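**Student:** Handing over model-v8.cif, mmCIF, C-alpha atoms.
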data_my_file
loop_
_atom_site.label_atom_id
_atom_site.label_comp_id
_atom_site.auth_asym_id
_atom_site.auth_seq_id
_atom_site.Cartn_x
_atom_site.Cartn_y
_atom_site.Cartn_z
CA MET A 1 14.72 8.36 -2.61
CA ASN A 2 14.97 12.12 -2.08
CA SER A 3 11.67 14.03 -1.94
CA GLY A 4 12.84 16.24 -4.82
CA ASP A 5 12.93 13.13 -7.03
CA VAL A 6 9.41 12.07 -6.03
CA HIS A 7 6.49 12.92 -8.32
CA LEU A 8 3.08 12.90 -6.60
CA LEU A 9 -0.36 12.96 -8.20
CA VAL A 10 -3.07 14.59 -6.03
CA VAL A 11 -6.65 13.80 -7.11
CA ASP A 12 -9.44 15.74 -5.37
CA ASP A 13 -12.58 17.41 -6.73
CA ASP A 14 -12.39 20.24 -4.15
CA GLU A 15 -10.37 22.99 -5.81
CA ARG A 16 -9.43 24.65 -2.50
CA ILE A 17 -8.15 21.43 -0.94
CA ARG A 18 -6.37 20.48 -4.15
CA GLY A 19 -4.54 23.80 -4.24
CA LEU A 20 -3.61 23.74 -0.55
CA LEU A 21 -2.22 20.21 -0.79
CA GLN A 22 -0.26 21.07 -3.92
CA LYS A 23 1.35 24.13 -2.30
CA PHE A 24 2.14 22.27 0.94
CA LEU A 25 3.67 19.26 -0.80
CA ILE A 26 5.73 21.43 -3.18
CA ARG A 27 7.05 23.33 -0.13
CA SER A 28 7.91 19.92 1.34
CA GLY A 29 10.14 19.24 -1.66
CA PHE A 30 7.97 17.06 -3.89
CA VAL A 31 7.09 17.44 -7.55
CA VAL A 32 3.27 17.65 -7.56
CA THR A 33 0.68 17.31 -10.31
CA VAL A 34 -3.05 17.68 -9.56
CA ALA A 35 -6.24 16.29 -11.09
CA ARG A 36 -9.85 17.30 -10.41
CA ASP A 37 -11.40 13.87 -11.01
CA ALA A 38 -10.72 10.26 -12.03
CA ALA A 39 -11.01 11.03 -15.74
CA GLN A 40 -8.30 13.70 -15.61
CA ALA A 41 -6.15 11.43 -13.42
CA ARG A 42 -6.38 8.69 -16.05
CA ARG A 43 -5.24 11.07 -18.78
CA LEU A 44 -2.24 12.14 -16.69
CA LEU A 45 -1.36 8.54 -15.80
CA ALA A 46 -1.39 7.60 -19.47
CA GLY A 47 1.47 9.99 -20.20
CA LEU A 48 3.39 10.44 -16.92
CA GLU A 49 4.95 8.23 -14.27
CA PHE A 50 4.19 8.94 -10.62
CA ASP A 51 5.78 7.65 -7.42
CA LEU A 52 2.58 7.91 -5.36
CA ILE A 53 -1.07 8.95 -5.78
CA VAL A 54 -3.01 10.87 -3.10
CA LEU A 55 -6.61 10.07 -4.00
CA ASP A 56 -9.90 11.34 -2.58
CA VAL A 57 -12.56 8.63 -2.22
CA MET A 58 -15.71 10.72 -2.68
CA MET A 59 -15.67 12.37 -6.09
CA PRO A 60 -18.36 13.01 -8.70
CA GLY A 61 -18.31 10.47 -11.51
CA GLU A 62 -15.94 7.60 -10.83
CA ASP A 63 -15.03 7.40 -7.14
CA GLY A 64 -11.58 6.83 -5.67
CA ILE A 65 -12.16 3.19 -4.76
CA SER A 66 -13.21 2.25 -8.29
CA LEU A 67 -10.18 4.06 -9.69
CA THR A 68 -7.91 2.33 -7.15
CA ARG A 69 -9.24 -1.09 -8.10
CA ASP A 70 -8.66 -0.46 -11.81
CA LEU A 71 -5.20 1.05 -11.40
CA ARG A 72 -4.08 -1.74 -9.12
CA SER A 73 -4.91 -4.33 -11.79
CA ARG A 74 -2.31 -2.86 -14.13
CA MET A 75 0.26 -0.74 -12.27
CA GLN A 76 2.29 -0.73 -9.07
CA VAL A 77 2.17 2.94 -8.04
CA PRO A 78 1.36 3.29 -4.30
CA ILE A 79 -2.03 4.85 -3.47
CA LEU A 80 -2.97 6.84 -0.34
CA LEU A 81 -6.74 7.34 0.00
CA LEU A 82 -8.36 10.37 1.62
CA THR A 83 -11.66 9.46 3.29
CA ALA A 84 -14.31 11.35 5.25
CA LYS A 85 -14.59 10.66 8.97
CA GLY A 86 -17.78 8.58 8.75
CA GLU A 87 -16.63 6.31 5.93
CA ALA A 88 -15.17 3.37 7.90
CA ALA A 89 -16.58 0.87 5.41
CA ASN A 90 -14.99 2.81 2.54
CA ARG A 91 -11.61 2.66 4.23
CA ILE A 92 -11.72 -1.13 4.46
CA GLU A 93 -13.09 -1.35 0.91
CA GLY A 94 -10.23 0.86 -0.25
CA LEU A 95 -7.61 -1.40 1.31
CA GLU A 96 -9.26 -4.43 -0.24
CA ALA A 97 -9.19 -2.65 -3.61
CA GLY A 98 -5.42 -2.31 -3.31
CA ALA A 99 -4.73 1.03 -1.58
CA ASP A 100 -1.56 1.15 0.50
CA ASP A 101 -2.96 3.35 3.26
CA TYR A 102 -5.68 5.87 4.05
CA LEU A 103 -5.99 9.15 5.90
CA VAL A 104 -9.21 10.46 7.44
CA LYS A 105 -10.37 14.02 6.72
CA PRO A 106 -9.90 16.49 8.27
CA PHE A 107 -6.17 15.93 8.83
CA GLU A 108 -3.10 17.94 9.64
CA PRO A 109 -0.86 18.47 6.59
CA LYS A 110 2.08 17.16 8.61
CA GLU A 111 0.27 13.84 9.08
CA LEU A 112 -0.22 13.57 5.33
CA LEU A 113 3.51 14.15 4.89
CA LEU A 114 4.32 11.45 7.47
CA ARG A 115 2.01 8.96 5.75
CA ILE A 116 3.48 9.69 2.31
CA ASN A 117 7.04 9.26 3.57
CA ALA A 118 6.11 6.05 5.41
CA ILE A 119 4.65 4.54 2.23
CA LEU A 120 7.66 5.59 0.14
CA ARG A 121 10.01 3.97 2.68
CA ARG A 122 8.08 0.70 2.36
CA VAL A 123 8.27 0.58 -1.44
CA PRO A 124 11.09 -1.83 -2.38
CA GLN A 125 13.93 0.03 -4.06
CA ALA A 126 16.09 -1.42 -6.81
CA ARG A 127 19.17 -3.10 -5.36
CA PRO A 128 22.45 -4.34 -6.86
CA GLU A 129 22.58 -7.99 -7.86
CA ALA A 130 23.41 -10.18 -4.86
CA ALA A 131 25.82 -13.06 -5.31
CA ALA A 132 23.60 -15.51 -3.45
CA PRO A 133 20.09 -14.15 -2.90
CA LYS A 134 18.13 -15.53 0.02
CA VAL A 135 14.96 -17.16 -1.23
CA LEU A 136 12.05 -18.59 0.74
CA HIS A 137 9.95 -21.24 -1.02
CA LEU A 138 6.20 -21.26 -0.41
CA GLY A 139 4.89 -24.06 -2.57
CA GLY A 140 4.58 -22.70 -6.09
CA VAL A 141 5.66 -19.24 -4.92
CA ARG A 142 9.12 -18.01 -3.96
CA TYR A 143 10.07 -14.87 -2.06
CA ASP A 144 13.39 -13.15 -2.84
CA MET A 145 14.39 -11.61 0.50
CA ASP A 146 17.13 -9.38 -0.93
CA ARG A 147 14.90 -7.81 -3.56
CA GLY A 148 11.64 -7.98 -1.62
CA GLU A 149 10.00 -9.69 -4.60
CA LEU A 150 7.39 -12.45 -4.75
CA TRP A 151 7.46 -14.75 -7.79
CA ARG A 152 5.11 -17.42 -9.10
CA GLY A 153 7.10 -19.31 -11.71
CA GLU A 154 8.46 -16.69 -14.11
CA SER A 155 5.80 -14.12 -13.17
CA LEU A 156 6.45 -11.34 -10.66
CA VAL A 157 3.55 -11.09 -8.20
CA ARG A 158 2.60 -7.46 -7.62
CA LEU A 159 2.74 -6.43 -3.95
CA THR A 160 1.43 -3.17 -2.54
CA ALA A 161 3.86 -1.24 -0.35
CA THR A 162 2.07 -2.54 2.76
CA GLU A 163 2.11 -6.15 1.54
CA ALA A 164 5.82 -5.81 0.76
CA ALA A 165 6.43 -4.49 4.29
CA LEU A 166 4.50 -7.43 5.78
CA MET A 167 6.49 -9.95 3.72
CA ARG A 168 9.75 -8.43 4.94
CA LEU A 169 8.59 -8.67 8.56
CA PHE A 170 7.51 -12.29 8.21
CA ALA A 171 10.53 -13.34 6.13
CA ASN A 172 12.93 -11.95 8.74
CA ALA A 173 11.42 -14.33 11.30
CA PRO A 174 10.20 -17.48 9.48
CA GLY A 175 8.47 -19.96 11.78
CA VAL A 176 7.93 -17.29 14.45
CA ALA A 177 4.49 -15.89 15.24
CA VAL A 178 4.29 -12.10 14.87
CA SER A 179 1.60 -10.44 16.99
CA ARG A 180 -1.05 -8.13 15.54
CA GLU A 181 0.21 -5.40 17.90
CA ARG A 182 3.71 -5.58 16.43
CA LEU A 183 2.37 -5.60 12.87
CA VAL A 184 0.20 -2.56 13.67
CA GLY A 185 3.20 -0.75 15.17
CA ASP A 186 5.64 -1.62 12.39
CA LEU A 187 3.16 -0.56 9.72
CA GLY A 188 2.68 2.79 11.47
CA ARG A 189 -1.08 2.54 11.91
CA GLU A 190 -2.64 4.55 14.74
CA ASP A 191 -6.38 4.50 14.10
CA VAL A 192 -9.27 2.57 15.60
CA ALA A 193 -9.53 0.22 12.61
CA GLN A 194 -5.85 -0.70 12.85
CA GLU A 195 -6.13 -4.43 13.66
CA ARG A 196 -8.96 -4.88 11.18
CA ALA A 197 -6.81 -3.16 8.56
CA VAL A 198 -3.95 -5.60 9.25
CA ASP A 199 -6.36 -8.53 8.92
CA VAL A 200 -7.45 -7.18 5.52
CA GLN A 201 -3.82 -6.98 4.37
CA ILE A 202 -3.15 -10.55 5.56
CA THR A 203 -6.21 -11.80 3.66
CA ARG A 204 -5.03 -10.08 0.47
CA LEU A 205 -1.48 -11.39 0.91
CA ARG A 206 -2.77 -14.94 1.33
CA ARG A 207 -4.56 -14.68 -2.01
CA LYS A 208 -1.17 -14.08 -3.62
CA ILE A 209 0.69 -16.84 -1.74
CA GLU A 210 -1.69 -19.69 -1.00
CA GLU A 211 -3.21 -22.29 -3.29
CA ASP A 212 -6.25 -22.23 -0.99
CA PRO A 213 -6.35 -18.86 0.86
CA LYS A 214 -9.18 -20.09 3.10
CA SER A 215 -6.98 -22.94 4.38
CA PRO A 216 -3.56 -21.23 4.51
CA ARG A 217 -0.50 -23.45 4.56
CA TYR A 218 2.26 -20.85 4.45
CA LEU A 219 0.87 -17.68 6.09
CA GLN A 220 -0.70 -19.24 9.15
CA THR A 221 -2.83 -17.86 11.97
CA VAL A 222 -1.39 -18.83 15.36
CA ARG A 223 -4.25 -18.70 17.83
CA GLY A 224 -3.66 -16.12 20.55
CA GLU A 225 -0.27 -15.10 19.11
CA GLY A 226 -0.75 -13.59 15.65
CA TYR A 227 0.46 -14.65 12.20
CA MET A 228 3.44 -16.76 11.10
CA LEU A 229 5.19 -17.43 7.79
CA ALA A 230 6.00 -21.16 7.44
CA PRO A 231 8.12 -21.68 4.30
CA ASP A 232 8.98 -25.14 2.90
#
What does the file become when written as structure tokens?

**Tutor:**
Amino acid sequence: MNSGDVHLLVVDDDERIRGLLQKFLIRSGFVVTVARDAAQARRLLAGLEFDLIVLDVMMPGEDGISLTRDLRSRMQVPILLLTAKGEAANRIEGLEAGADDYLVKPFEPKELLLRINAILRRVPQARPEAAAPKVLHLGGVRYDMDRGELWRGESLVRLTATEAALMRLFANAPGVAVSRERLVGDLGREDVAQERAVDVQITRLRRKIEEDPKSPRYLQTVRGEGYMLAPD
């Protein structure tokens, strides 16, 4: 996906920050639309399709986490949250709500660009039909390795970009424990909450795979080694 084909929605109540981000991202080759609050973002989302949303957490009215949780229940667009430095709990809450990543204010514009591109790379792209797709069976769920899709019966299970990246990592090495350090590195996380963030993603992924997420059968914890996918 070329940046010129990518439409971003930037949601921030600070007019100065909103304008700076819009100018920077347009110069970086993206198509950019801005919104001042959740209400305006909802109106835009009702009529336009976006490839990624950059969303501030602390806004008057509906906050970014509430908006993330609602959007995630009905659409697949990746979401990058912007959080203030002291909001560690909000960052974890945002991931649990369905955000794909977060960035702590203040940040360098180049880091925002790197995060956006990293998320877009993780989003599964449409691929030609494969003659014999590789499928992993996980009880009542199946994972199509070629398409990066998780299915329960005839229903497609929605994965965030980060969850999709985790499934690809695990599916490429079924039955092999993958360390937290490798997961952190492959997901491109470099902050102090990195391992906790991975644990949150694993917990969310288990809810989509396991019959009983608290006693996982397919996405197992291997003590002292990390996590392992154990298909049927």

**Student:** Counting only C-alpha atoms, which residue out of A:Asp51, A:Ala39, A:Asp56, A:Tyr143 sits closest to A:Val104?

**Tutor:**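 Closest candidate: A:Asp56.
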
**Student:** Just want the 10 Å neighbourhood of A:Ile116, counted on all atoms listed in the file, with same-chain residues fewer than 4 positions away dropped. Output as a ChimeraX atom specification.

**Tutor:** /A:8,52-54,78-80,101,110-112,120-121

**Student:** I need the residue set behind the PyMOL selection byres ((chain A and resi 36) around 9) for this file; please write it as a list in words.

**Tutor:**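 Taken over the shown coordinates, the PyMOL selection byres ((chain A and resi 36) around 9) returns Val10, Val11, Asp12, Asp13, Asp14, Glu15, Arg18, Val34, Ala35, Asp37, Ala38, Ala39, Gln40, Ala41 and Met59 of chain A.
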
**Student:** Could you please take those selected residues and save C-alpha atoms as a short mmCIF file (atom, residue, chain, number, x, y, z; two decimals), keeping the file's coordinate frame?

**Tutor:**
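Result went into part-v8.cif, see below:
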data_model
loop_
_atom_site.label_atom_id
_atom_site.label_comp_id
_atom_site.auth_asym_id
_atom_site.auth_seq_id
_atom_site.Cartn_x
_atom_site.Cartn_y
_atom_site.Cartn_z
CA VAL A 10 -3.07 14.59 -6.03
CA VAL A 11 -6.65 13.80 -7.11
CA ASP A 12 -9.44 15.74 -5.37
CA ASP A 13 -12.58 17.41 -6.73
CA ASP A 14 -12.39 20.24 -4.15
CA GLU A 15 -10.37 22.99 -5.81
CA ARG A 18 -6.37 20.48 -4.15
CA VAL A 34 -3.05 17.68 -9.56
CA ALA A 35 -6.24 16.29 -11.09
CA ASP A 37 -11.40 13.87 -11.01
CA ALA A 38 -10.72 10.26 -12.03
CA ALA A 39 -11.01 11.03 -15.74
CA GLN A 40 -8.30 13.70 -15.61
CA ALA A 41 -6.15 11.43 -13.42
CA MET A 59 -15.67 12.37 -6.09
#

**Student:** Tell me, as a list in words, which residues lie within 10 Å of A:Arg69, counting all atoms listed in the file; anything in the same chain fewer than 4 positions away does not count.

**Tutor:**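 Near neighbours after the sequence-gap exclusion: Gly64, Ile65, Ser73, Arg74, Glu93, Gly94, Leu95, Glu96, Ala97, Gly98 and Ala99 of chain A.
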
**Student:** Tell me, counting all atoms listed in the file, for each residue of stretch 102-173 of chain A within 12 Å of stretch 180-186 of chain A, which pair of atoms is nearest and how far apart they are in Å to one decimal, in rows ordered by chain and increasing number, as JSON lines.

**Tutor:**
{"residue": "A:Ala118", "atom": "CA", "partner": "A:Asp186", "partner_atom": "CA", "distance": 10.4}
{"residue": "A:Ile119", "atom": "CA", "partner": "A:Asp186", "partner_atom": "CA", "distance": 11.9}
{"residue": "A:Arg122", "atom": "CA", "partner": "A:Asp186", "partner_atom": "CA", "distance": 10.6}
{"residue": "A:Thr162", "atom": "CA", "partner": "A:Asp186", "partner_atom": "CA", "distance": 10.3}
{"residue": "A:Glu163", "atom": "CA", "partner": "A:Leu183", "partner_atom": "CA", "distance": 11.3}
{"residue": "A:Ala165", "atom": "CA", "partner": "A:Asp186", "partner_atom": "CA", "distance": 8.6}
{"residue": "A:Leu166", "atom": "CA", "partner": "A:Leu183", "partner_atom": "CA", "distance": 7.6}
{"residue": "A:Met167", "atom": "CA", "partner": "A:Leu183", "partner_atom": "CA", "distance": 10.9}
{"residue": "A:Arg168", "atom": "CA", "partner": "A:Asp186", "partner_atom": "CA", "distance": 10.9}
{"residue": "A:Leu169", "atom": "CA", "partner": "A:Leu183", "partner_atom": "CA", "distance": 8.2}
{"residue": "A:Phe170", "atom": "CA", "partner": "A:Leu183", "partner_atom": "CA", "distance": 9.6}

**Student:** Write to file, as a PDB file, in the frame of the given file, the residues of the selection just made, with C-alpha atoms.

**Tutor:**
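Listed below is the output, result05.pdb:
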ATOM      1  CA  ALA A 118       6.110   6.050   5.410  1.00  0.00           C
ATOM      2  CA  ILE A 119       4.650   4.540   2.230  1.00  0.00           C
ATOM      3  CA  ARG A 122       8.080   0.700   2.360  1.00  0.00           C
ATOM      4  CA  THR A 162       2.070  -2.540   2.760  1.00  0.00           C
ATOM      5  CA  GLU A 163       2.110  -6.150   1.540  1.00  0.00           C
ATOM      6  CA  ALA A 165       6.430  -4.490   4.290  1.00  0.00           C
ATOM      7  CA  LEU A 166       4.500  -7.430   5.780  1.00  0.00           C
ATOM      8  CA  MET A 167       6.490  -9.950   3.720  1.00  0.00           C
ATOM      9  CA  ARG A 168       9.750  -8.430   4.940  1.00  0.00           C
ATOM     10  CA  LEU A 169       8.590  -8.670   8.560  1.00  0.00           C
ATOM     11  CA  PHE A 170       7.510 -12.290   8.210  1.00  0.00           C
TER      12      PHE A 170
END

**Student:** Do a neighbour search on A:Glu149 at 10 Å with all atoms listed in the file, toss out local chain neighbours closer than 4 positions, and write the hits as a list in words.

**Tutor:**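 Contacts, in chain order: Pro124, Val135, Arg142, Tyr143, Asp144, Met145, Leu156, Val157, Arg158, Leu159, Ala164, Met167 and Arg168 of chain A.
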
**Student:** State, in Å with one decimal place, the distance from atom CA of A:Val200 to atom CA of A:Asp63.

**Tutor:**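 Separation between atom CA of A:Val200 and atom CA of A:Asp63: 20.7 Å.
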
**Student:** Measuring between all atoms listed in the file, which one of A:Arg42, A:Phe50, A:Gly175, A:Leu150 shows the shortest distance to A:Glu62?

**Tutor:** A:Arg42

**Student:** I'd like the interatomic distance between atom CA of A:Asn90 and atom CA of A:Pro60, to a tenth of an Å.

**Tutor:** 15.5 Å

**Student:** At what distance in Å, to one decimal, does atom CA of A:Ile92 lie from atom CA of A:Leu9?

**Tutor:**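 Going from atom CA of A:Leu9 over to atom CA of A:Ile92 covers 22.1 Å.
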
**Student:** Skipping near chain neighbours, those fewer than 3 positions away, what residues fall within 10 Å of A:Gly139 using all atoms listed in the file, listed as an MDAnalysis selection string?

**Tutor:** chainID A and resid 136 142 152 209:211 217:218 231:232
